[in-house]
file data.cif (mmCIF, C-alpha atoms and all ligand atoms)
data_data
loop_
_atom_site.label_atom_id
_atom_site.label_comp_id
_atom_site.auth_asym_id
_atom_site.auth_seq_id
_atom_site.Cartn_x
_atom_site.Cartn_y
_atom_site.Cartn_z
CA MET B 1 135.45 100.23 95.33
CA GLU B 2 132.21 101.31 96.99
CA PRO B 3 129.53 98.63 97.00
CA GLY B 4 127.25 99.10 94.03
CA LYS B 5 129.65 101.45 92.20
CA ASP B 6 130.22 98.94 89.45
CA ILE B 7 126.52 98.71 88.71
CA ALA B 8 125.52 101.19 86.03
CA PRO B 9 123.26 102.92 85.33
CA ASN B 10 121.96 103.57 88.80
CA ALA B 11 119.72 105.66 91.05
CA VAL B 12 119.95 106.89 94.61
CA PHE B 13 117.80 106.39 97.71
CA GLU B 14 118.42 108.90 100.46
CA LEU B 15 117.49 108.07 104.04
CA ARG B 16 118.30 110.38 106.97
CA GLY B 17 121.39 111.75 105.23
CA LYS B 18 122.64 108.34 104.12
CA GLU B 19 122.73 107.40 100.42
CA TYR B 20 122.02 103.98 98.94
CA ARG B 21 122.94 103.32 95.28
CA VAL B 22 120.64 100.94 93.46
CA ALA B 23 120.52 99.55 89.94
CA ALA B 24 117.94 101.05 87.60
CA GLY B 25 115.43 98.87 85.79
CA GLN B 26 113.84 97.10 88.75
CA THR B 27 110.93 98.07 90.97
CA VAL B 28 111.30 100.39 93.95
CA ARG B 29 110.32 97.45 96.15
CA ALA B 30 113.04 95.20 94.73
CA SER B 31 115.59 98.02 94.96
CA LEU B 32 114.82 98.61 98.62
CA GLN B 33 115.12 94.91 99.35
CA ALA B 34 118.41 94.79 97.44
CA VAL B 35 119.92 97.25 99.93
CA ASP B 36 118.33 95.45 102.90
CA LEU B 37 115.59 97.96 103.56
CA ASN B 38 112.12 96.64 104.32
CA PRO B 39 109.65 98.32 101.93
CA GLU B 40 106.96 98.16 104.62
CA LEU B 41 108.90 100.57 106.81
CA TYR B 42 109.47 103.42 104.33
CA LEU B 43 107.54 105.75 102.07
CA CYS B 44 109.25 106.81 98.84
CA VAL B 45 109.17 110.37 97.62
CA LEU B 46 110.30 111.26 94.11
CA CYS B 47 110.39 114.92 93.04
CA GLY B 48 108.11 115.83 95.94
CA GLU B 49 105.56 113.13 95.12
CA LEU B 50 104.74 109.94 96.96
CA VAL B 51 105.21 106.92 94.68
CA THR B 52 104.09 103.29 95.01
CA ASP B 53 106.73 100.62 95.22
CA ASP B 54 105.84 98.95 91.93
CA ARG B 55 107.39 101.89 90.08
CA ILE B 56 110.37 100.99 87.89
CA VAL B 57 113.46 102.87 89.02
CA GLU B 58 115.07 104.88 86.20
CA ALA B 59 118.72 105.83 85.90
CA GLY B 60 119.61 109.13 87.54
CA GLU B 61 116.55 109.26 89.80
CA SER B 62 116.93 110.38 93.38
CA TYR B 63 114.39 109.13 95.92
CA ARG B 64 113.90 110.38 99.43
CA LEU B 65 112.85 107.69 101.92
CA VAL B 66 110.61 108.59 104.84
CA ALA B 67 110.82 106.16 107.75
CA VAL B 68 107.36 105.43 109.12
CA VAL B 69 108.28 103.70 112.39
CA SER B 70 108.15 105.82 115.48
CA GLY B 71 107.61 105.45 119.19
CA GLY B 72 109.29 104.66 122.45
CA ASP B 73 108.15 102.43 125.25
CA ASN B 74 105.08 104.02 126.61
CA MET T 1 99.70 101.34 89.94
CA ARG T 2 96.31 103.03 89.53
CA CYS T 3 93.75 104.36 92.00
CA ARG T 4 90.91 101.92 92.40
CA LYS T 5 88.37 104.75 92.52
CA CYS T 6 89.39 106.98 89.62
CA GLY T 7 92.19 105.29 87.66
CA GLN T 8 94.67 108.13 88.26
CA LYS T 9 98.21 107.38 89.40
CA ALA T 10 98.14 105.88 92.92
CA VAL T 11 100.29 107.34 95.71
CA ILE T 12 99.80 104.46 98.12
CA ASN T 13 99.16 100.76 97.86
CA MET T 14 97.67 99.14 100.94
CA ARG T 15 98.45 95.53 100.31
CA GLN T 16 96.50 94.31 103.35
CA HIS T 17 93.31 95.77 101.83
CA LYS T 18 94.33 95.15 98.19
CA LEU T 19 93.61 98.84 97.75
CA ALA T 20 95.64 101.47 95.91
CA LEU T 21 94.49 105.10 95.98
CA CYS T 22 95.47 108.43 94.44
CA CYS T 23 96.23 111.42 96.67
CA GLU T 24 92.72 112.84 96.53
CA HIS T 25 90.95 109.58 97.26
CA PHE T 26 93.39 108.55 99.99
CA LEU T 27 92.87 111.87 101.79
CA GLN T 28 89.15 111.23 101.57
CA TRP T 29 89.36 107.56 102.57
CA VAL T 30 91.31 108.07 105.83
CA PRO T 31 88.77 110.38 107.53
CA GLU T 32 85.87 108.21 106.27
CA GLN T 33 87.45 105.12 107.79
CA THR T 34 88.25 106.96 111.02
CA GLU T 35 84.62 107.98 111.38
CA ARG T 36 83.58 104.39 110.71
CA PHE T 37 85.85 103.14 113.53
CA ILE T 38 84.68 105.86 115.92
CA GLN T 39 81.13 104.59 115.38
CA LYS T 40 81.93 100.88 115.22
CA TYR T 41 83.74 100.87 118.56
CA LYS T 42 81.37 103.49 120.06
CA MET T 43 84.33 105.72 120.89
CA PHE T 44 82.53 109.01 121.43
CA ALA T 45 79.54 111.01 120.28
CA ARG T 46 79.49 114.28 118.40
CA ASP T 47 78.38 116.33 121.39
CA GLU T 48 81.04 115.00 123.76
CA ARG T 49 84.07 117.06 124.71
CA VAL T 50 87.20 115.35 123.51
CA LEU T 51 90.82 115.89 124.48
CA LEU T 52 93.57 114.64 122.20
CA ALA T 53 97.08 113.98 123.46
CA VAL T 54 99.38 115.64 120.93
CA SER T 55 103.09 114.88 120.74
CA GLY T 56 103.97 116.84 117.61
CA GLY T 57 104.53 113.56 115.73
CA LYS T 58 102.71 112.30 112.65
CA ASP T 59 100.00 110.23 114.31
CA SER T 60 98.59 112.72 116.77
CA LEU T 61 98.70 115.62 114.32
CA ALA T 62 97.14 113.51 111.56
CA LEU T 63 94.39 112.52 114.01
CA TRP T 64 93.80 116.12 115.03
CA ASP T 65 93.48 117.10 111.38
CA ILE T 66 91.02 114.25 110.72
CA LEU T 67 88.88 115.08 113.76
CA LEU T 68 88.62 118.75 112.85
CA ARG T 69 87.70 117.82 109.28
CA LEU T 70 85.01 115.48 110.59
CA GLY T 71 83.61 118.36 112.64
CA PHE T 72 84.67 117.24 116.13
CA ALA T 73 85.78 120.15 118.29
CA ALA T 74 88.82 118.39 119.71
CA ASP T 75 91.18 120.22 122.05
CA GLY T 76 94.85 119.23 122.16
CA LEU T 77 97.07 118.47 125.14
CA TYR T 78 100.81 118.81 124.75
CA ILE T 79 103.08 117.65 127.58
CA GLU T 80 106.48 119.30 127.66
CA LEU T 81 108.78 116.58 128.97
CA GLY T 82 111.99 118.59 129.01
CA ILE T 83 113.75 116.12 126.71
CA ASP T 84 116.06 118.21 124.61
CA GLY T 85 119.56 116.97 123.97
CA ASP T 86 121.41 118.03 120.84
CA MET T 87 118.40 117.94 118.61
CA GLN T 88 116.11 119.99 120.86
CA TYR T 89 113.44 117.33 120.68
CA GLY T 90 111.09 118.99 123.17
CA GLN T 91 111.25 122.47 121.69
CA ARG T 92 110.77 121.22 118.17
CA SER T 93 107.87 118.90 118.99
CA GLN T 94 106.12 121.65 120.91
CA ALA T 95 106.65 124.02 117.98
CA CYS T 96 104.97 121.51 115.62
CA ALA T 97 101.99 121.12 117.94
CA ARG T 98 101.69 124.88 118.42
CA LYS T 99 101.99 125.60 114.71
CA PHE T 100 99.23 123.12 113.91
CA ALA T 101 96.92 124.53 116.60
CA ASP T 102 97.47 128.10 115.44
CA ALA T 103 96.94 127.26 111.78
CA HIS T 104 93.65 125.51 112.57
CA GLY T 105 92.41 127.86 115.28
CA ALA T 106 92.36 124.90 117.67
CA HIS T 107 92.83 125.00 121.44
CA LEU T 108 96.10 123.57 122.76
CA ILE T 109 96.67 123.00 126.47
CA THR T 110 100.35 122.74 127.45
CA VAL T 111 101.66 121.17 130.64
CA ASP T 112 105.35 121.69 131.32
CA VAL T 113 106.48 118.86 133.60
CA HIS T 114 109.47 120.78 134.93
CA ARG T 115 107.53 123.94 135.66
CA LYS T 116 104.58 122.14 137.21
CA TYR T 117 106.30 119.40 139.17
CA GLY T 118 109.91 120.51 139.50
CA ALA T 119 112.02 118.23 137.28
CA THR T 120 112.29 117.24 133.65
CA ILE T 121 111.81 113.63 132.55
CA PRO T 122 115.58 113.02 132.18
CA GLU T 123 116.13 114.45 135.68
CA LEU T 124 113.29 112.37 137.03
CA ALA T 125 114.84 109.28 135.45
CA GLN T 126 118.15 109.98 137.12
CA LEU T 127 116.60 110.59 140.50
CA THR T 128 114.39 107.52 140.71
CA ARG T 129 114.97 103.82 140.85
CA ARG T 130 112.14 103.24 138.39
CA GLY T 131 113.79 105.54 135.87
CA LYS T 132 117.30 104.20 136.25
CA ASP T 133 118.56 103.65 132.71
CA LYS T 134 115.02 103.72 131.36
CA PRO T 135 113.47 107.18 131.12
CA CYS T 136 110.56 105.69 129.13
CA SER T 137 109.19 104.11 132.29
CA VAL T 138 108.96 107.36 134.29
CA CYS T 139 107.91 109.17 131.12
CA GLY T 140 105.03 106.75 130.56
CA VAL T 141 103.82 107.00 134.17
CA SER T 142 103.99 110.81 133.99
CA LYS T 143 102.21 111.11 130.67
CA ARG T 144 99.39 108.76 131.64
CA TYR T 145 98.94 110.58 134.93
CA ILE T 146 98.94 114.07 133.43
CA MET T 147 96.62 113.11 130.58
CA ASN T 148 94.03 111.70 132.95
CA TYR T 149 94.46 114.59 135.36
CA VAL T 150 93.97 117.28 132.70
CA ALA T 151 91.04 115.43 131.11
CA ARG T 152 89.28 115.12 134.47
CA GLU T 153 89.99 118.67 135.58
CA GLY T 154 88.89 120.04 132.24
CA GLY T 155 85.64 118.09 132.25
CA TYR T 156 86.43 116.16 129.06
CA ALA T 157 84.35 113.07 128.39
CA VAL T 158 87.07 111.24 126.58
CA LEU T 159 90.82 111.17 126.10
CA LEU T 160 92.18 110.32 122.64
CA THR T 161 95.61 109.13 121.65
CA GLY T 162 97.11 108.69 118.20
CA HIS T 163 98.11 105.02 118.58
CA ASN T 164 98.08 103.25 115.22
CA LEU T 165 97.83 99.57 114.37
CA ASP T 166 101.59 99.08 114.43
CA ASP T 167 101.75 100.49 117.96
CA GLU T 168 98.95 98.17 119.02
CA ALA T 169 100.37 95.11 117.25
CA ALA T 170 103.83 95.71 118.76
CA VAL T 171 102.42 95.94 122.29
CA LEU T 172 100.20 92.94 121.65
CA PHE T 173 103.18 90.95 120.40
CA GLN T 174 105.22 91.87 123.44
CA ASN T 175 102.40 91.04 125.84
CA THR T 176 101.72 87.76 124.08
CA LEU T 177 105.36 86.71 124.19
CA HIS T 178 105.25 87.18 127.94
CA TRP T 179 101.63 86.06 128.34
CA GLN T 180 100.79 89.20 130.23
CA THR T 181 97.12 88.33 130.52
CA GLY T 182 96.35 91.36 132.68
CA TYR T 183 97.71 93.71 130.02
CA LEU T 184 96.01 91.76 127.26
CA ALA T 185 92.67 92.18 129.01
CA ARG T 186 93.18 95.92 129.08
CA GLN T 187 94.30 96.44 125.48
CA ALA T 188 91.39 97.74 123.43
CA PRO T 189 90.30 100.54 121.06
CA VAL T 190 88.14 101.84 123.92
CA LEU T 191 88.80 101.65 127.65
CA PRO T 192 85.66 102.77 129.45
CA ALA T 193 85.72 105.37 132.19
CA THR T 194 85.86 103.95 135.70
CA ASP T 195 83.99 105.09 138.80
CA ALA T 196 87.35 105.47 140.50
CA GLY T 197 88.27 108.30 138.15
CA PHE T 198 89.89 107.12 134.94
CA VAL T 199 88.40 108.94 131.98
CA ARG T 200 87.43 106.97 128.89
CA LYS T 201 90.43 106.39 126.62
CA VAL T 202 90.13 105.75 122.91
CA LYS T 203 92.40 105.16 119.92
CA PRO T 204 90.64 106.19 116.71
CA LEU T 205 93.65 105.33 114.49
CA CYS T 206 94.09 101.81 115.86
CA ARG T 207 93.21 100.19 112.54
CA PHE T 208 95.54 102.22 110.34
CA TYR T 209 99.03 101.05 109.55
CA GLU T 210 101.76 103.44 110.51
CA ARG T 211 102.70 103.95 106.87
CA GLU T 212 99.16 105.21 106.25
CA THR T 213 99.23 107.78 109.05
CA ALA T 214 102.67 108.90 107.84
CA ALA T 215 101.40 109.13 104.25
CA TYR T 216 98.35 111.07 105.42
CA ALA T 217 100.52 113.60 107.29
CA LEU T 218 102.86 113.98 104.32
CA LEU T 219 100.10 114.36 101.75
CA ARG T 220 98.22 116.87 103.89
CA GLY T 221 101.41 118.88 104.26
CA ILE T 222 101.32 118.61 108.06
CA ASP T 223 104.57 119.82 109.55
CA TYR T 224 105.23 117.04 112.07
CA LEU T 225 108.39 116.25 113.98
CA TYR T 226 110.16 113.56 111.99
CA ALA T 227 113.03 113.18 114.45
CA GLU T 228 112.54 110.67 117.21
CA CYS T 229 112.89 111.10 120.94
CA PRO T 230 116.56 110.34 121.75
CA PHE T 231 115.42 107.78 124.32
CA SER T 232 113.49 105.74 121.77
CA VAL T 233 116.72 104.27 120.40
CA GLY T 234 116.65 100.56 121.09
CA ALA T 235 113.11 100.69 122.48
CA ASN T 236 111.28 97.37 122.58
CA THR T 237 108.37 98.74 120.59
CA ILE T 238 110.60 99.63 117.66
CA TYR T 239 112.24 96.22 117.77
CA TYR T 240 108.87 94.45 117.63
CA LYS T 241 107.64 96.77 114.91
CA GLU T 242 110.59 95.82 112.76
CA LEU T 243 109.99 92.13 113.38
CA LEU T 244 106.34 92.46 112.45
CA GLY T 245 107.36 94.53 109.43
CA ARG T 246 109.37 91.58 108.15
CA LEU T 247 106.38 89.33 108.52
CA GLU T 248 104.17 91.87 106.77
CA ALA T 249 106.56 92.22 103.84
CA GLU T 250 106.30 88.53 103.11
CA ARG T 251 102.70 88.02 104.14
CA PRO T 252 100.66 91.16 103.53
CA GLY T 253 97.90 91.60 106.07
CA SER T 254 99.54 89.60 108.88
CA LYS T 255 99.68 92.58 111.25
CA LEU T 256 96.07 93.48 110.64
CA GLN T 257 95.01 89.86 111.04
CA PHE T 258 97.01 89.52 114.27
CA TYR T 259 95.37 92.57 115.82
CA LEU T 260 91.83 91.93 114.58
CA SER T 261 91.85 88.28 115.65
CA PHE T 262 92.98 89.41 119.07
CA LEU T 263 90.12 91.92 119.29
CA GLN T 264 87.69 89.17 118.28
CA ALA T 265 89.10 86.77 120.90
CA ARG T 266 88.89 89.54 123.46
CA GLU T 267 85.29 90.20 122.54
CA ASP T 268 84.56 86.48 122.83
CA GLY T 269 85.74 86.68 126.41
CA TYR T 270 89.05 84.87 126.17
CA PHE T 271 90.88 87.62 127.96
CA ALA T 272 88.25 88.53 130.50
CA GLY T 273 90.29 89.83 133.37
CA ALA T 274 89.38 91.68 136.48
CA LYS T 275 86.58 94.19 136.12
CA ASP T 276 87.90 97.59 135.04
CA ASP T 277 87.14 99.10 138.39
CA GLU T 278 88.19 96.18 140.53
CA GLY T 279 91.00 96.92 142.93
CA LEU T 280 91.03 100.63 142.09
CA ARG T 281 91.08 103.14 144.88
CA SER T 282 91.90 106.81 145.21
CA CYS T 283 95.47 107.89 145.81
CA GLU T 284 95.73 109.26 149.34
CA ARG T 285 97.78 112.21 148.14
CA CYS T 286 96.22 113.33 144.89
CA GLY T 287 92.90 111.51 144.61
CA GLN T 288 93.60 110.02 141.18
CA PRO T 289 92.77 106.34 140.73
CA THR T 290 95.40 103.72 141.49
CA THR T 291 95.67 100.02 142.20
CA ALA T 292 98.45 100.61 144.71
CA PRO T 293 97.61 100.88 148.39
CA GLY T 294 98.30 104.41 149.69
CA SER T 295 99.86 106.66 147.07
CA CYS T 296 99.76 106.24 143.31
CA ALA T 297 102.91 105.49 141.27
CA PHE T 298 103.17 109.11 140.20
CA CYS T 299 103.02 110.50 143.74
CA ARG T 300 105.45 107.87 145.01
CA MET T 301 107.84 108.76 142.24
CA TRP T 302 107.80 112.45 143.14
CA ALA T 303 108.07 111.69 146.83
CA ALA T 304 111.27 109.78 146.08
CA VAL T 305 112.56 112.71 144.04
CA ARG T 306 111.90 115.11 146.91
CA GLU T 307 113.71 112.77 149.22
CA ARG T 308 116.73 112.54 146.93
CA LYS T 309 116.84 116.30 146.47
CA ARG T 310 116.58 116.84 150.22
CA GLU T 311 119.47 114.48 150.80
CA SER T 312 121.63 116.19 148.22
CA ARG T 313 120.87 119.56 149.77
CA GLY T 314 121.88 118.38 153.22
CA GLY T 315 118.39 118.12 154.67
CA SER T 316 116.78 121.34 153.45
CA GLU T 317 113.24 121.05 152.10
CA ASN T 318 113.08 121.30 148.33
CA PRO T 319 111.13 124.48 147.61
CA VAL T 320 110.10 123.52 144.11
CA VAL T 321 108.30 120.22 144.49
CA THR T 322 106.05 120.65 147.46
CA GLN T 323 103.08 118.67 146.32
CA ALA T 324 102.69 116.31 143.45
CA CYS T 325 99.53 117.65 141.97
CA GLY T 326 99.56 121.37 142.64
CA ARG T 327 98.35 123.30 139.62
S1 LIG A 401 110.72 107.48 123.80
FE1 LIG A 401 110.49 107.15 126.00
S2 LIG A 401 111.28 109.00 126.95
FE2 LIG A 401 110.92 109.48 124.79
S3 LIG A 401 108.87 110.37 124.74
FE3 LIG A 401 108.65 108.17 124.34
S4 LIG A 401 108.29 107.26 126.36
FE4 LIG A 401 109.10 109.32 126.69
ZN ZN A 402 91.57 108.40 92.80
ZN ZN A 403 98.72 110.36 143.49
#

call {"tool": "encode", "arguments": {"input": "data.cif", "output": "structure tokens"}}
result
Amino acid sequence: MEPGKDIAPNAVFELRGKEYRVAAGQTVRASLQAVDLNPELYLCVLCGELVTDDRIVEAGESYRLVAVVSGGDN
Amino acid sequence: MRCRKCGQKAVINMRQHKLALCCEHFLQWVPEQTERFIQKYKMFARDERVLLAVSGGKDSLALWDILLRLGFAADGLYIELGIDGDMQYGQRSQACARKFADAHGAHLITVDVHRKYGATIPELAQLTRRGKDKPCSVCGVSKRYIMNYVAREGGYAVLLTGHNLDDEAAVLFQNTLHWQTGYLARQAPVLPATDAGFVRKVKPLCRFYERETAAYALLRGIDYLYAECPFSVGANTIYYKELLGRLEAERPGSKLQFYLSFLQAREDGYFAGAKDDEGLRSCERCGQPTTAPGSCAFCRMWAAVRERKRESRGGSENPVVTQACGR
């Protein structure tokens, strides 16, 4: 069984083509932390709008994560 | 979460400032703060000619947008590094820079490293000892050289880069871990021009977190290159940014505090190093400032490339790279 599959209802975070399933009913911040993503390093977009990480994730929602870290060694 | 200014739904919460803002007020706040920092650190005046190094990424394009909105007539400089690979990094980043310039009627200067000097950055990395396994090193030397060269030639008073607070904190962290006091002495929002020929360098975004510059670019609808340079994978800067990000998640404001306390200590003289001009002389080949005796790092690098190419051609002079700084 895929990790998280047994948790229902759930929502999806999409980051660079990879999907993370999270349980609904907790904040975006807690959901990110639950899948080992640091909330400081991503912006969350829901239906084309930027949302703050205190939002409560609802079942069936699909978030797009935008990584904010960039840069090489210059 | 609600906007502190109007009570509408917030789009960003800046925990280090205990400040949440809606889209409208955030897009207003960023340029206001930028102008405040430009004045606070005496970066440049309204009538000075400014050149902004533009990579096609979020920071430099966000900064260009902010400067134009604030009424500064900033020109852009894009350096084509010849880094393409599968994802066509160079072409796509140049396209973002060009698209922004065209949409805003702004002037973009482009320098193509291969066309001007005879090799791309990946080729340069392969052909030099300095670049062996680390293209970022030759890339950094080349970019710094070209930026200063173009700014001087073009008569610009000041050279701007889009470095944000996370960039600065990551470098500071790295330099502190190694107690690189020389580097620490030279890390600042403003590096004054030197008599030897370095133009003034400033970083107007140095007090914004990276998530704020990214949010600004997204909310403004700026089409920036989201993909990263293929050589940035495993870069030290990214590693340190992630470490500091962990600290920040648990203790909001730590990054800001780290950087600002450093600036205060620097101002109090704790990192007073050599005078900015001390030990600088002109490169015997190109005339740009350098601390090295004889030729500067850039000229030495290209001399080595010419040598390697000559060897591989069985002694014939390379017709492409005949002088390091020819226009
Ligand atoms: S990651 Fe390295 S090679 Fe790529 S642009 Fe940045 S400094 Fe240059
Ligand atoms: Zn508001
Ligand atoms: Zn030189």

call {"tool": "residues_near_ligand", "arguments": {"input": "data.cif", "ligand": "ligand ZN 402 (chain A)", "cutoff": "12 Å", "atoms": "all atoms listed in the file", "output": "PyMOL selection string"}}
result
chain T and resi 1-13+19-29

call {"tool": "closest_atom_pairs", "arguments": {"input": "data.cif", "of": "chain T", "to": "chain B", "cutoff": "9 Å", "atoms": "all atoms listed in the file", "output": "CSV"}}
result
residue,atom,partner,partner_atom,distance
T:Met1,CA,B:Asp54,CA,6.9
T:Lys9,CA,B:Val51,CA,8.8
T:Ala10,CA,B:Thr52,CA,6.8
T:Val11,CA,B:Val51,CA,5.0
T:Ile12,CA,B:Thr52,CA,5.4
T:Asn13,CA,B:Thr52,CA,6.2
T:Ala20,CA,B:Thr52,CA,8.7
T:Cys23,CA,B:Leu50,CA,8.6
T:Gly57,CA,B:Ser70,CA,8.5
T:Lys58,CA,B:Ser70,CA,8.9
T:Cys136,CA,B:Asp73,CA,5.6
T:Ser137,CA,B:Asn74,CA,7.0
T:Cys139,CA,B:Asn74,CA,7.4
T:Gly140,CA,B:Asn74,CA,4.8
T:Val141,CA,B:Asn74,CA,8.2
T:Lys143,CA,B:Asn74,CA,8.7
T:Arg144,CA,B:Asn74,CA,9.0
T:Asp166,CA,B:Val69,CA,8.4
T:Asp167,CA,B:Gly71,CA,7.8
T:Glu210,CA,B:Val68,CA,6.1
T:Arg211,CA,B:Val68,CA,5.4
T:Glu212,CA,B:Val68,CA,8.7
T:Thr213,CA,B:Val68,CA,8.5
T:Ala214,CA,B:Val68,CA,6.0
T:Ala215,CA,B:Leu43,CA,7.3
T:Leu218,CA,B:Leu50,CA,8.6
T:Leu219,CA,B:Leu50,CA,8.0
T:Tyr226,CA,B:Ala67,CA,8.6
T:Ala227,CA,B:Ser70,CA,8.9
T:Glu228,CA,B:Ser70,CA,6.8
T:Cys229,CA,B:Gly72,CA,7.5
T:Phe231,CA,B:Gly72,CA,7.1
T:Ser232,CA,B:Gly72,CA,4.4
T:Val233,CA,B:Gly72,CA,7.7
T:Gly234,CA,B:Gly72,CA,8.5
T:Ala235,CA,B:Gly72,CA,5.5
T:Asn236,CA,B:Asp73,CA,6.5
T:Thr237,CA,B:Asp73,CA,5.9
T:Ile238,CA,B:Gly71,CA,6.7
T:Lys241,CA,B:Val69,CA,7.4
T:Glu242,CA,B:Leu41,CA,7.8
T:Gly245,CA,B:Glu40,CA,6.0
T:Arg246,CA,B:Asn38,CA,6.9
T:Glu248,CA,B:Glu40,CA,7.2
T:Ala249,CA,B:Glu40,CA,6.0

call {"tool": "residues_near_point", "arguments": {"input": "data.cif", "point": "(96.4, 119.4, 117.5)", "cutoff": "7 Å", "atoms": "all atoms listed in the file", "output": "PyMOL selection string"}}
result
chain T and resi 54+61+64+75-76+97+100-101+106+108

call {"tool": "closest_atom_pairs", "arguments": {"input": "data.cif", "of": "chain T", "to": "ligand ZN 403 (chain A)", "cutoff": "9 Å", "atoms": "all atoms listed in the file", "output": "JSON lines"}}
result
{"residue": "T:Tyr145", "atom": "CA", "partner": "A:ZN403", "partner_atom": "ZN", "distance": 8.6}
{"residue": "T:Ser282", "atom": "CA", "partner": "A:ZN403", "partner_atom": "ZN", "distance": 7.9}
{"residue": "T:Cys283", "atom": "CA", "partner": "A:ZN403", "partner_atom": "ZN", "distance": 4.7}
{"residue": "T:Glu284", "atom": "CA", "partner": "A:ZN403", "partner_atom": "ZN", "distance": 6.7}
{"residue": "T:Arg285", "atom": "CA", "partner": "A:ZN403", "partner_atom": "ZN", "distance": 5.1}
{"residue": "T:Cys286", "atom": "CA", "partner": "A:ZN403", "partner_atom": "ZN", "distance": 4.1}
{"residue": "T:Gly287", "atom": "CA", "partner": "A:ZN403", "partner_atom": "ZN", "distance": 6.0}
{"residue": "T:Gln288", "atom": "CA", "partner": "A:ZN403", "partner_atom": "ZN", "distance": 5.6}
{"residue": "T:Pro289", "atom": "CA", "partner": "A:ZN403", "partner_atom": "ZN", "distance": 7.7}
{"residue": "T:Thr290", "atom": "CA", "partner": "A:ZN403", "partner_atom": "ZN", "distance": 7.7}
{"residue": "T:Gly294", "atom": "CA", "partner": "A:ZN403", "partner_atom": "ZN", "distance": 8.6}
{"residue": "T:Ser295", "atom": "CA", "partner": "A:ZN403", "partner_atom": "ZN", "distance": 5.3}
{"residue": "T:Cys296", "atom": "CA", "partner": "A:ZN403", "partner_atom": "ZN", "distance": 4.3}
{"residue": "T:Ala297", "atom": "CA", "partner": "A:ZN403", "partner_atom": "ZN", "distance": 6.8}
{"residue": "T:Phe298", "atom": "CA", "partner": "A:ZN403", "partner_atom": "ZN", "distance": 5.7}
{"residue": "T:Cys299", "atom": "CA", "partner": "A:ZN403", "partner_atom": "ZN", "distance": 4.3}
{"residue": "T:Arg300", "atom": "CA", "partner": "A:ZN403", "partner_atom": "ZN", "distance": 7.3}
{"residue": "T:Ala324", "atom": "CA", "partner": "A:ZN403", "partner_atom": "ZN", "distance": 7.2}
{"residue": "T:Cys325", "atom": "CA", "partner": "A:ZN403", "partner_atom": "ZN", "distance": 7.5}

call {"tool": "residues_near_point", "arguments": {"input": "data.cif", "point": "(92.6, 114.5, 118.3)", "cutoff": "6 Å", "atoms": "all atoms listed in the file", "output": "list in words"}}
result
Leu52, Leu63, Trp64, Leu67 and Ala74 of chain T

call {"tool": "atom_distance", "arguments": {"input": "data.cif", "atom1": "atom CA of T:Lys134", "atom2": "atom CA of T:Leu81"}}
result
14.5 Å

call {"tool": "residues_around", "arguments": {"input": "data.cif", "residues": "T:Ala157", "least_positions_apart": "6", "cutoff": "7 Å", "atoms": "only C-alpha atoms", "output": "list in words"}}
result
Glu48, Arg49, Val50, Val199 and Arg200 of chain T

call {"tool": "residues_around", "arguments": {"input": "data.cif", "residues": "B:Ser31", "least_positions_apart": "3", "cutoff": "12 Å", "atoms": "all atoms listed in the file", "output": "PyMOL selection string"}}
result
chain B and resi 4+10-13+20-28+34-39+44+53-58+63

call {"tool": "closest_residue", "arguments": {"input": "data.cif", "among": "T:Glu311, T:Glu278, T:Glu35, T:Asp223", "to": "T:Ser93", "atoms": "all atoms listed in the file"}}
result
T:Asp223

call {"tool": "atom_distance", "arguments": {"input": "data.cif", "atom1": "atom CA of T:Ile222", "atom2": "atom CA of B:Leu65"}}
result
17.0 Å

call {"tool": "closest_residue", "arguments": {"input": "data.cif", "among": "T:Gln94, T:Gln187, T:Ser254, T:Ser55", "to": "ligand LIG 401 (chain A)", "atoms": "all atoms listed in the file"}}
result
T:Ser55

call {"tool": "atom_distance", "arguments": {"input": "data.cif", "atom1": "atom CA of T:Tyr239", "atom2": "atom CA of T:Arg207"}}
result
20.1 Å

call {"tool": "decode", "arguments": {"input": "data.cif", "residues": "stretch 12-18 of chain B", "atoms": "N, CA and C atoms", "output": "short mmCIF file (atom, residue, chain, number, x, y, z; two decimals), in the first residue's frame"}}
result
data_model
loop_
_atom_site.label_atom_id
_atom_site.label_comp_id
_atom_site.auth_asym_id
_atom_site.auth_seq_id
_atom_site.Cartn_x
_atom_site.Cartn_y
_atom_site.Cartn_z
N VAL B 12 -3.97 16.70 -1.93
CA VAL B 12 -2.70 16.46 -2.62
C VAL B 12 -1.86 17.73 -2.68
N PHE B 13 -0.56 17.58 -2.43
CA PHE B 13 0.41 18.65 -2.67
C PHE B 13 1.25 18.21 -3.86
N GLU B 14 1.40 19.08 -4.83
CA GLU B 14 2.19 18.73 -6.01
C GLU B 14 3.44 19.61 -6.05
N LEU B 15 4.60 18.94 -6.14
CA LEU B 15 5.87 19.69 -6.17
C LEU B 15 6.74 19.12 -7.29
N ARG B 16 7.05 19.95 -8.28
CA ARG B 16 7.88 19.55 -9.41
C ARG B 16 7.51 18.15 -9.93
N GLY B 17 6.22 17.95 -10.18
CA GLY B 17 5.76 16.70 -10.78
C GLY B 17 5.58 15.55 -9.80
N LYS B 18 5.94 15.78 -8.54
CA LYS B 18 5.80 14.72 -7.55
C LYS B 18 4.59 15.02 -6.65
#
